Every structure is written in structure tokens, then in C-alpha cells.
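One file, target_5.pdb, is given below (PDB, C-alpha atoms).
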```pdb
ATOM      1  CA  MET C 180       0.130  16.488 -11.616
ATOM      2  CA  ALA C 181       0.335  13.272 -13.629
ATOM      3  CA  THR C 182       1.092  10.203 -11.534
ATOM      4  CA  ASN C 183       3.534   7.365 -12.200
ATOM      5  CA  ALA C 184       5.561   9.702 -14.411
ATOM      6  CA  ASP C 185       3.071   9.118 -17.206
ATOM      7  CA  PRO C 186       1.779  11.874 -19.462
ATOM      8  CA  ALA C 187      -1.362  13.674 -18.435
ATOM      9  CA  PRO C 188      -4.596  12.448 -20.024
ATOM     10  CA  ALA C 189      -5.253  13.526 -23.577
ATOM     11  CA  ALA C 190      -7.501  16.536 -24.035
ATOM     12  CA  GLY C 191     -11.153  15.601 -24.052
ATOM     13  CA  ARG C 192     -10.676  12.228 -22.347
ATOM     14  CA  THR C 193     -12.527  11.605 -19.117
ATOM     15  CA  ASP C 194     -10.221  11.248 -16.136
ATOM     16  CA  PRO C 195     -12.191   9.258 -13.518
ATOM     17  CA  MET C 196      -9.509   9.539 -10.859
ATOM     18  CA  ALA C 197      -9.367  13.310 -11.249
ATOM     19  CA  VAL C 198     -13.128  13.341 -10.703
ATOM     20  CA  LEU C 199     -12.572  11.510  -7.416
ATOM     21  CA  GLY C 200      -9.905  14.038  -6.503
ATOM     22  CA  ALA C 201     -12.458  16.830  -6.754
ATOM     23  CA  LEU C 202     -15.073  15.235  -4.482
ATOM     24  CA  PRO C 203     -15.937  17.286  -1.377
ATOM     25  CA  GLY C 204     -13.396  16.649   1.357
ATOM     26  CA  VAL C 205     -10.752  15.041  -0.853
ATOM     27  CA  PRO C 206      -8.790  18.233  -1.674
ATOM     28  CA  GLU C 207      -8.510  18.905   2.048
ATOM     29  CA  SER C 208      -7.059  15.415   2.605
ATOM     30  CA  VAL C 209      -4.648  15.938  -0.276
ATOM     31  CA  ASP C 210      -3.483  19.272   1.157
ATOM     32  CA  ALA C 211      -3.004  17.800   4.626
ATOM     33  CA  VAL C 212      -0.919  14.951   3.204
ATOM     34  CA  ARG C 213       1.216  17.310   1.144
ATOM     35  CA  GLN C 214       1.927  19.513   4.159
ATOM     36  CA  ALA C 215       2.874  16.480   6.251
ATOM     37  CA  VAL C 216       5.157  15.066   3.549
ATOM     38  CA  ASP C 217       6.826  18.448   3.026
ATOM     39  CA  LYS C 218       7.528  18.598   6.757
ATOM     40  CA  VAL C 219       9.418  15.321   6.898
ATOM     41  CA  TYR C 220      11.300  15.962   3.658
ATOM     42  CA  GLY C 221      12.325  19.351   5.008
ATOM     43  CA  HIS C 222      13.733  17.900   8.226
ATOM     44  CA  ARG C 223      17.435  18.645   8.610
ATOM     45  CA  VAL C 224      18.217  14.954   9.223
ATOM     46  CA  MET C 225      17.041  14.137   5.692
ATOM     47  CA  ARG C 226      19.957  16.077   4.217
ATOM     48  CA  ARG C 227      22.533  13.628   5.496
ATOM     49  CA  ARG C 228      20.825  10.529   6.878
ATOM     50  CA  SER C 229      17.939   9.910   4.496
ATOM     51  CA  THR C 230      19.071   6.333   3.826
ATOM     52  CA  GLU C 231      18.654   5.494   7.507
ATOM     53  CA  VAL C 232      15.190   7.045   7.561
ATOM     54  CA  THR C 233      14.220   5.060   4.453
ATOM     55  CA  SER C 234      15.397   1.805   6.025
ATOM     56  CA  GLU C 235      13.516   2.472   9.244
ATOM     57  CA  ALA C 236      10.368   3.475   7.343
ATOM     58  CA  ALA C 237      10.541   0.220   5.387
ATOM     59  CA  LEU C 238      10.826  -1.843   8.558
ATOM     60  CA  ARG C 239       7.983  -0.024  10.286
ATOM     61  CA  GLY C 240       5.811  -0.132   7.188
ATOM     62  CA  ALA C 241       6.288  -3.879   6.856
ATOM     63  CA  ARG C 242       5.414  -4.338  10.526
ATOM     64  CA  GLY C 243       2.227  -2.317  10.025
ATOM     65  CA  SER C 244       1.176  -4.278   6.948
ATOM     66  CA  ALA C 245       1.780  -7.577   8.731
ATOM     67  CA  ALA C 246      -0.239  -6.363  11.734
ATOM     68  CA  LEU C 247      -3.231  -5.699   9.485
ATOM     69  CA  ALA C 248      -2.823  -9.217   8.087
ATOM     70  CA  GLY C 249      -3.001 -10.700  11.568
ATOM     71  CA  ALA C 250       0.650 -10.789  12.666
ATOM     72  CA  ASP C 251       0.878  -7.880  15.095
ATOM     73  CA  TRP C 252       4.456  -8.217  16.301
ATOM     74  CA  PRO C 253       6.374  -5.627  18.323
ATOM     75  CA  LEU C 254       8.759  -3.631  16.173
ATOM     76  CA  GLU C 255      11.811  -4.927  17.999
ATOM     77  CA  GLU C 256      10.729  -8.508  17.379
ATOM     78  CA  VAL C 257      10.507  -7.801  13.645
ATOM     79  CA  ARG C 258      13.894  -6.105  13.811
ATOM     80  CA  ARG C 259      15.740  -8.934  15.564
ATOM     81  CA  ARG C 260      14.230 -11.986  13.833
ATOM     82  CA  SER C 261      15.957 -13.627  10.901
ATOM     83  CA  ASP C 262      13.847 -16.780  10.533
ATOM     84  CA  PHE C 263      10.375 -16.104   9.180
ATOM     85  CA  SER C 264       9.303 -19.664   8.438
ATOM     86  CA  ALA C 265       8.370 -20.985  11.868
ATOM     87  CA  ASP C 266       4.599 -20.466  11.702
ATOM     88  CA  GLU C 267       1.849 -18.579   9.910
ATOM     89  CA  GLN C 268       2.481 -15.295  11.694
ATOM     90  CA  ALA C 269       6.200 -15.475  10.995
ATOM     91  CA  ARG C 270       5.505 -16.170   7.318
ATOM     92  CA  THR C 271       3.169 -13.179   7.194
ATOM     93  CA  VAL C 272       5.814 -10.884   8.649
ATOM     94  CA  GLY C 273       8.427 -12.295   6.297
ATOM     95  CA  ALA C 274       6.157 -11.697   3.310
ATOM     96  CA  ALA C 275       5.550  -8.092   4.375
ATOM     97  CA  LEU C 276       9.284  -7.470   4.705
ATOM     98  CA  ARG C 277       9.990  -8.961   1.279
ATOM     99  CA  LEU C 278       7.212  -6.948  -0.320
ATOM    100  CA  THR C 279       8.463  -3.696   1.126
ATOM    101  CA  ALA C 280      11.951  -4.393  -0.203
ATOM    102  CA  GLU C 281      10.657  -5.444  -3.618
ATOM    103  CA  ALA C 282       8.305  -2.489  -4.097
ATOM    104  CA  GLY C 283      11.189  -0.090  -4.656
ATOM    105  CA  GLN C 284      12.563  -2.292  -7.426
ATOM    106  CA  LEU C 285       9.363  -2.375  -9.464
ATOM    107  CA  LEU C 286       8.789   1.254 -10.438
ATOM    108  CA  SER C 287       9.726   0.808 -14.094
ATOM    109  CA  VAL C 288       7.747  -2.421 -14.388
ATOM    110  CA  TRP C 289       4.744  -0.763 -12.742
ATOM    111  CA  ARG C 290       4.774   2.069 -15.287
ATOM    112  CA  GLN C 291       4.787  -0.357 -18.194
ATOM    113  CA  SER C 292       2.586  -3.140 -16.832
ATOM    114  CA  PRO C 293       0.954  -2.850 -13.414
ATOM    115  CA  VAL C 294      -0.432  -6.376 -13.747
ATOM    116  CA  GLN C 295       3.057  -7.778 -14.274
ATOM    117  CA  ALA C 296       4.281  -5.859 -11.234
ATOM    118  CA  LEU C 297       1.399  -7.235  -9.156
ATOM    119  CA  ALA C 298       2.237 -10.771 -10.255
ATOM    120  CA  ARG C 299       5.813 -10.199  -9.158
ATOM    121  CA  LEU C 300       4.667  -8.860  -5.796
ATOM    122  CA  HIS C 301       2.536 -11.931  -5.241
ATOM    123  CA  LEU C 302       5.413 -14.198  -6.201
ATOM    124  CA  VAL C 303       7.641 -12.430  -3.675
ATOM    125  CA  ALA C 304       5.004 -12.690  -0.936
ATOM    126  CA  ALA C 305       3.692 -16.203  -1.537
ATOM    127  CA  GLY C 306       6.612 -18.067  -3.096
ATOM    128  CA  GLY C 307       7.530 -20.986  -0.881
ATOM    129  CA  VAL C 308       4.501 -20.311   1.316
ATOM    130  CA  ALA C 309       1.353 -20.827  -0.786
ATOM    131  CA  ASP C 310       0.543 -23.556  -3.317
ATOM    132  CA  GLU C 311       3.165 -23.022  -6.025
ATOM    133  CA  ARG C 312       0.535 -23.646  -8.720
ATOM    134  CA  THR C 313      -1.273 -20.466  -7.683
ATOM    135  CA  VAL C 314       1.695 -18.179  -7.021
ATOM    136  CA  GLY C 315       2.303 -15.138  -9.211
ATOM    137  CA  ARG C 316      -0.917 -15.296 -11.215
ATOM    138  CA  PRO C 317      -4.555 -14.235 -10.763
ATOM    139  CA  ARG C 318      -6.826 -16.886  -9.316
ATOM    140  CA  ARG C 319      -8.884 -19.129 -11.547
ATOM    141  CA  ALA C 320     -12.464 -20.342 -11.291
ATOM    142  CA  GLY C 321     -12.971 -22.606  -8.306
ATOM    143  CA  GLU C 322      -9.737 -21.665  -6.550
ATOM    144  CA  PRO C 323     -10.132 -20.585  -2.915
ATOM    145  CA  VAL C 324      -9.108 -17.207  -1.562
ATOM    146  CA  ASP C 325      -7.456 -16.927   1.836
ATOM    147  CA  GLU C 326      -8.130 -13.331   2.878
ATOM    148  CA  PRO C 327      -9.862 -13.513   6.262
ATOM    149  CA  LEU C 328      -9.603  -9.803   7.036
ATOM    150  CA  VAL C 329     -11.583  -8.712   3.990
ATOM    151  CA  GLU C 330     -14.027 -11.580   4.437
ATOM    152  CA  ILE C 331     -15.007 -10.028   7.764
ATOM    153  CA  ALA C 332     -16.292  -7.003   5.862
ATOM    154  CA  GLU C 333     -18.531  -9.281   3.792
ATOM    155  CA  ILE C 334     -17.492  -7.578   0.575
ATOM    156  CA  PRO C 335     -18.630  -9.885  -2.277
ATOM    157  CA  LEU C 336     -15.811 -11.803  -3.935
ATOM    158  CA  PRO C 337     -15.752 -11.092  -7.690
ATOM    159  CA  ASP C 338     -15.368 -14.068 -10.009
ATOM    160  CA  PRO C 339     -12.156 -14.382 -12.054
ATOM    161  CA  ALA C 340     -13.751 -12.922 -15.184
ATOM    162  CA  GLU C 341     -14.753  -9.771 -13.311
ATOM    163  CA  VAL C 342     -11.328  -9.606 -11.703
ATOM    164  CA  ALA C 343      -9.655  -9.726 -15.119
ATOM    165  CA  ALA C 344     -11.941  -7.041 -16.527
ATOM    166  CA  ARG C 345     -11.471  -4.694 -13.595
ATOM    167  CA  LEU C 346      -7.713  -5.195 -13.542
ATOM    168  CA  ASP C 347      -7.638  -4.342 -17.230
ATOM    169  CA  GLY C 348      -9.657  -1.222 -16.522
ATOM    170  CA  LEU C 349      -7.387  -0.175 -13.675
ATOM    171  CA  THR C 350      -4.287  -0.805 -15.777
ATOM    172  CA  GLY C 351      -5.735   1.264 -18.583
ATOM    173  CA  LEU C 352      -6.343   4.192 -16.269
ATOM    174  CA  LEU C 353      -2.841   3.994 -14.802
ATOM    175  CA  ARG C 354      -1.080   3.732 -18.140
ATOM    176  CA  ALA C 355      -3.125   6.543 -19.686
ATOM    177  CA  GLY C 356      -2.029   8.904 -16.920
ATOM    178  CA  THR C 357      -4.129  11.061 -14.657
ATOM    179  CA  ASP C 358      -4.142  14.517 -13.169
ATOM    180  CA  ALA C 359      -5.388  13.103  -9.865
ATOM    181  CA  PRO C 360      -3.154  13.548  -6.790
ATOM    182  CA  ALA C 361      -0.997  10.614  -5.757
ATOM    183  CA  LEU C 362      -3.091  10.097  -2.624
ATOM    184  CA  VAL C 363      -6.169   9.456  -4.751
ATOM    185  CA  VAL C 364      -4.402   7.112  -7.167
ATOM    186  CA  GLY C 365      -2.774   5.169  -4.356
ATOM    187  CA  ALA C 366      -6.075   4.854  -2.514
ATOM    188  CA  VAL C 367      -7.869   3.602  -5.628
ATOM    189  CA  VAL C 368      -5.179   1.011  -6.377
ATOM    190  CA  HIS C 369      -5.158  -0.127  -2.752
ATOM    191  CA  GLY C 370      -8.955  -0.303  -2.449
ATOM    192  CA  GLU C 371      -9.528  -1.965  -5.806
ATOM    193  CA  LEU C 372      -7.014  -4.721  -5.132
ATOM    194  CA  LEU C 373      -8.445  -5.382  -1.682
ATOM    195  CA  CYS C 374     -11.947  -5.679  -3.085
ATOM    196  CA  LEU C 375     -10.932  -7.793  -6.083
ATOM    197  CA  ARG C 376      -8.624 -10.129  -4.159
ATOM    198  CA  PRO C 377      -7.063 -11.197  -7.461
ATOM    199  CA  PHE C 378      -4.754 -13.776  -5.889
ATOM    200  CA  GLY C 379      -5.392 -16.790  -3.729
ATOM    201  CA  SER C 380      -3.441 -15.329  -0.812
ATOM    202  CA  PHE C 381      -1.606 -12.244   0.472
ATOM    203  CA  ASN C 382      -3.930  -9.802  -1.311
ATOM    204  CA  GLY C 383      -3.825  -7.318   1.571
ATOM    205  CA  PRO C 384      -0.035  -7.093   1.769
ATOM    206  CA  VAL C 385       0.193  -6.905  -2.034
ATOM    207  CA  ALA C 386      -2.400  -4.105  -2.141
ATOM    208  CA  ARG C 387      -0.508  -2.096   0.451
ATOM    209  CA  ALA C 388       2.784  -2.633  -1.387
ATOM    210  CA  ALA C 389       1.129  -1.430  -4.598
ATOM    211  CA  GLU C 390      -0.029   1.728  -2.827
ATOM    212  CA  ARG C 391       3.584   2.278  -1.732
ATOM    213  CA  ILE C 392       4.754   1.965  -5.355
ATOM    214  CA  VAL C 393       2.232   4.596  -6.450
ATOM    215  CA  LEU C 394       3.271   7.043  -3.734
ATOM    216  CA  VAL C 395       6.958   6.621  -4.539
ATOM    217  CA  GLY C 396       6.586   6.600  -8.324
ATOM    218  CA  SER C 397       4.328   9.639  -8.341
ATOM    219  CA  GLY C 398       7.028  11.770  -6.767
ATOM    220  CA  LEU C 399       5.043  12.400  -3.608
ATOM    221  CA  ASP C 400       7.386  10.171  -1.587
ATOM    222  CA  PRO C 401      10.403   9.464  -3.823
ATOM    223  CA  LYS C 402      12.630   8.257  -0.966
ATOM    224  CA  SER C 403       9.902   5.970   0.431
ATOM    225  CA  ILE C 404      10.005   7.490   3.896
ATOM    226  CA  CYS C 405       6.248   7.867   4.427
ATOM    227  CA  PRO C 406       4.955   4.417   5.476
ATOM    228  CA  ALA C 407       1.193   4.576   5.075
ATOM    229  CA  GLU C 408       1.030   1.010   6.387
ATOM    230  CA  VAL C 409       2.026   2.323   9.821
ATOM    231  CA  GLY C 410      -0.965   4.630   9.827
ATOM    232  CA  HIS C 411      -3.359   1.971   8.566
ATOM    233  CA  ALA C 412      -2.302  -0.283  11.433
ATOM    234  CA  GLU C 413      -2.550   2.544  13.959
ATOM    235  CA  LEU C 414      -6.076   3.404  12.828
ATOM    236  CA  GLY C 415      -7.015  -0.228  13.414
ATOM    237  CA  ARG C 416      -8.488  -3.089  11.469
ATOM    238  CA  ALA C 417     -12.093  -2.125  12.242
ATOM    239  CA  GLY C 418     -11.626   1.373  10.825
ATOM    240  CA  TYR C 419      -9.745  -0.029   7.855
ATOM    241  CA  LEU C 420     -12.573  -2.384   6.984
ATOM    242  CA  LYS C 421     -15.277   0.216   7.521
ATOM    243  CA  ALA C 422     -13.505   2.587   5.138
ATOM    244  CA  LEU C 423     -12.987  -0.240   2.644
ATOM    245  CA  GLU C 424     -16.705  -0.948   2.708
ATOM    246  CA  GLY C 425     -17.160   2.668   1.672
ATOM    247  CA  TYR C 426     -14.883   2.100  -1.317
ATOM    248  CA  ALA C 427     -16.705  -1.111  -2.216
ATOM    249  CA  SER C 428     -20.037   0.742  -2.185
ATOM    250  CA  GLY C 429     -18.885   2.863  -5.126
ATOM    251  CA  THR C 430     -20.824   5.872  -3.857
ATOM    252  CA  PRO C 431     -19.200   9.325  -3.783
ATOM    253  CA  GLU C 432     -19.545   9.376   0.002
ATOM    254  CA  GLY C 433     -17.952   5.948   0.288
ATOM    255  CA  MET C 434     -15.069   6.875  -1.985
ATOM    256  CA  VAL C 435     -14.412  10.020   0.048
ATOM    257  CA  GLN C 436     -14.456   7.936   3.221
ATOM    258  CA  TRP C 437     -11.818   5.562   1.845
ATOM    259  CA  ILE C 438      -9.579   8.244   0.327
ATOM    260  CA  SER C 439      -9.736  10.296   3.514
ATOM    261  CA  HIS C 440      -8.875   7.216   5.565
ATOM    262  CA  CYS C 441      -5.868   6.547   3.339
ATOM    263  CA  GLY C 442      -4.852  10.185   3.713
ATOM    264  CA  ARG C 443      -5.012  10.013   7.477
ATOM    265  CA  ALA C 444      -2.997   6.786   7.429
ATOM    266  CA  LEU C 445      -0.332   8.458   5.327
ATOM    267  CA  GLU C 446      -0.202  11.430   7.704
ATOM    268  CA  LEU C 447       0.330   9.054  10.621
ATOM    269  CA  GLY C 448       3.052   7.257   8.695
ATOM    270  CA  VAL C 449       4.756  10.588   8.090
ATOM    271  CA  ARG C 450       4.489  11.381  11.801
ATOM    272  CA  GLU C 451       6.318   8.120  12.502
ATOM    273  CA  SER C 452       9.167   9.108  10.200
ATOM    274  CA  VAL C 453       9.364  12.574  11.724
ATOM    275  CA  ALA C 454       9.816  10.840  15.086
ATOM    276  CA  VAL C 455      12.591   8.726  13.556
ATOM    277  CA  CYS C 456      14.280  11.886  12.293
ATOM    278  CA  GLU C 457      14.039  13.454  15.729
ATOM    279  CA  ALA C 458      15.520  10.344  17.332
ATOM    280  CA  LEU C 459      18.400  10.320  14.864
ATOM    281  CA  GLN C 460      19.012  13.994  15.531
ATOM    282  CA  ARG C 461      19.195  13.328  19.284
ATOM    283  CA  GLY C 462      21.443  10.342  18.729
ATOM    284  CA  ALA C 463      18.810   8.055  20.197
ATOM    285  CA  ALA C 464      18.480   5.827  17.136
TER     286      ALA C 464
END
```
Show me the file's structure as C-alpha cells.
Amino acid sequence: MATNADPAPAAGRTDPMAVLGALPGVPESVDAVRQAVDKVYGHRVMRRRSTEVTSEAALRGARGSAALAGADWPLEEVRRRSDFSADEQARTVGAALRLTAEAGQLLSVWRQSPVQALARLHLVAAGGVADERTVGRPRRAGEPVDEPLVEIAEIPLPDPAEVAARLDGLTGLLRAGTDAPALVVGAVVHGELLCLRPFGSFNGPVARAAERIVLVGSGLDPKSICPAEVGHAELGRAGYLKALEGYASGTPEGMVQWISHCGRALELGVRESVAVCEALQRGAA
């Protein structure tokens, strides 16, 4: 299945993401994700209250992304707050909420120019928060990067020239189309952006929003009711970073570790939305 509604790769062209999709253990993760997604989409509540499930998934996904970025607020606190400018944690939660809302508006831009979509995501996250001179564009030589979570993993920070080259390569792969499952494509986009840290701030939230765009645009989760961010938060920051180190290693084993971790996170996000459906069915939400 081609992702992002793009045509499948031309005959004879190497499809690196499809190669990743065939690594031992990855097809099993893909199958498990598909079964989980089918379960929530088949829930009777989805026939008449899917908008409510989408809204709740967005809120919970934003909370999960913010938790990974260091602002681990209770869901009800995220739900009730309206001012997200008071301190660093509040700004992080506000950025995650804005990103989740914006991701659904960027599908067409993503298909044409992923880099432009990423710039927009960063603008939405960092505008009014970070140095305005650095907002909405990749970092330049000598500019600092504020990404403490990834720094803990001690993954080397690529210089801007390498960032530009790898973003071009990723964009080329996405625009050419791939037969790889959406889980694989989303995991690669997520992992690559985390490792590159192309912006001076908010790279983690932007990477997770980009994964959401891939999952929605691929058709795996068209209603955006499967918040992988919930699962990533539930699996914990230590597990997240360990799996990311596997991606950064570039080895087949490391790539499988990261893709499988992303698959498990997505399954847990689906479980959250199934619980929302059950609550709506009981009249408890």
C-alpha cells in the first residue's frame, strides 16, 4: 500500500522503507497494529459519535506528547486550562495542543512538501515562545538546540549541512511513494526528525505531530482516533530513548526495535480510544 496517497514506487527503483517493512519482526508489528486499528474503527460508537472520539484522541495525544517533553500534566488539568503561557510546562502543553490541531490541516501540504509542513508545525509550536528569528526554519550553524530529552540519549547532533541533506533524502522518499506500511513510514519520519533535531526547539513534539500526519494521510487512521503519543508516554521516556538509540544506530536490529516500539505505542493509543468509545457507549463520557 502506498503511503501519503502517493503513487507506488516506479518499477525497478529501490524502496528503502519497504525493505525496513520486511525486516524480521516488523510484519508482526504491522499486523498487530492493523488488527487494533480495525477494532476501534469497527466499534459501534464510531458510527455516530466519531467526532467526539476524534476530539478526545486529540486531547489525550497532546497530553502524551507534552508528557514526553517534560510537562506531564493530568488529563483533566489539560482539559480545563485555557492559559498556556504561565511557565515552561504550560507553554509545552500549549504547543502540543496546537500541534495536534494543526496536524490535521497539513495533509495536502505534507504530500507536496514535507519540509514546508514541518516548518509550519514548528511555527505553530514555537511562535511566541522561542526566539522569533529561529522559528519556522531549520537551525543554522552555531545556533543552539534545546532538546533535553534527546540529549539524554547522547545521540550525536548533526550539523546543519547534514540536517539539510537528510531532510532532502527523507522528502525524496516520501514524495516518490513507498509500498511500506504506514507504521514503518511514520516510525521513520518520527525517528529521523528526533535524531536530526532540525529546529532549535520543540523537535520532539514536531516529530510526533509528523508521525500523526503520516498515519492519518496514509489511510491507516483517517479520522485521527489512534493517538500514538498516548502509547509513547505510557511506555515511558526511558523506553522511548532506548528505542530511539536503536534507530540512531542504523542497524537492522535497531530499526526493528524502534519500529516495534512505535507499533506498541500505537496499539496502546488505540486501546485508549477503545476505552473512550466504551465510556461514550455507557454514557460515562
Practice item. Name the residues that the PyMOL selection byres ((chain C and resi 363) around 12) pulls out of this structure, and write them as a ChimeraX atom specification. Key: /C:180-182,195-202,204-210,212,353,357-362,364-371,390,393-394,397,399,426,434-442,445
Practice item. Grab the CA of Leu254 (chain C) to CA of Arg391 (chain C) distance for me, in Å with one decimal place. Key: 19.6 Å
Practice item. Report the residues retrieved by the PyMOL selection byres ((chain C and resi 409-423) around 6) from the displayed file, expressed as an NGL selection string. Key: :C and (240 or 243 or 247 or 406-408 or 424-426 or 436-437 or 444-445 or 447-448)
Check your understanding: Written as a count of residues only, what is the full residue list that the PyMOL selection byres ((chain C and resi 328) around 12) yields on the file shown?
Key -> 32
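Comparing the minimum interatomic distances between Pro293 (chain C) and each of C:Val219, C:Leu349, C:Val385, C:Val308, counting all atoms listed in the file, we find that C:Leu349 sits nearest.
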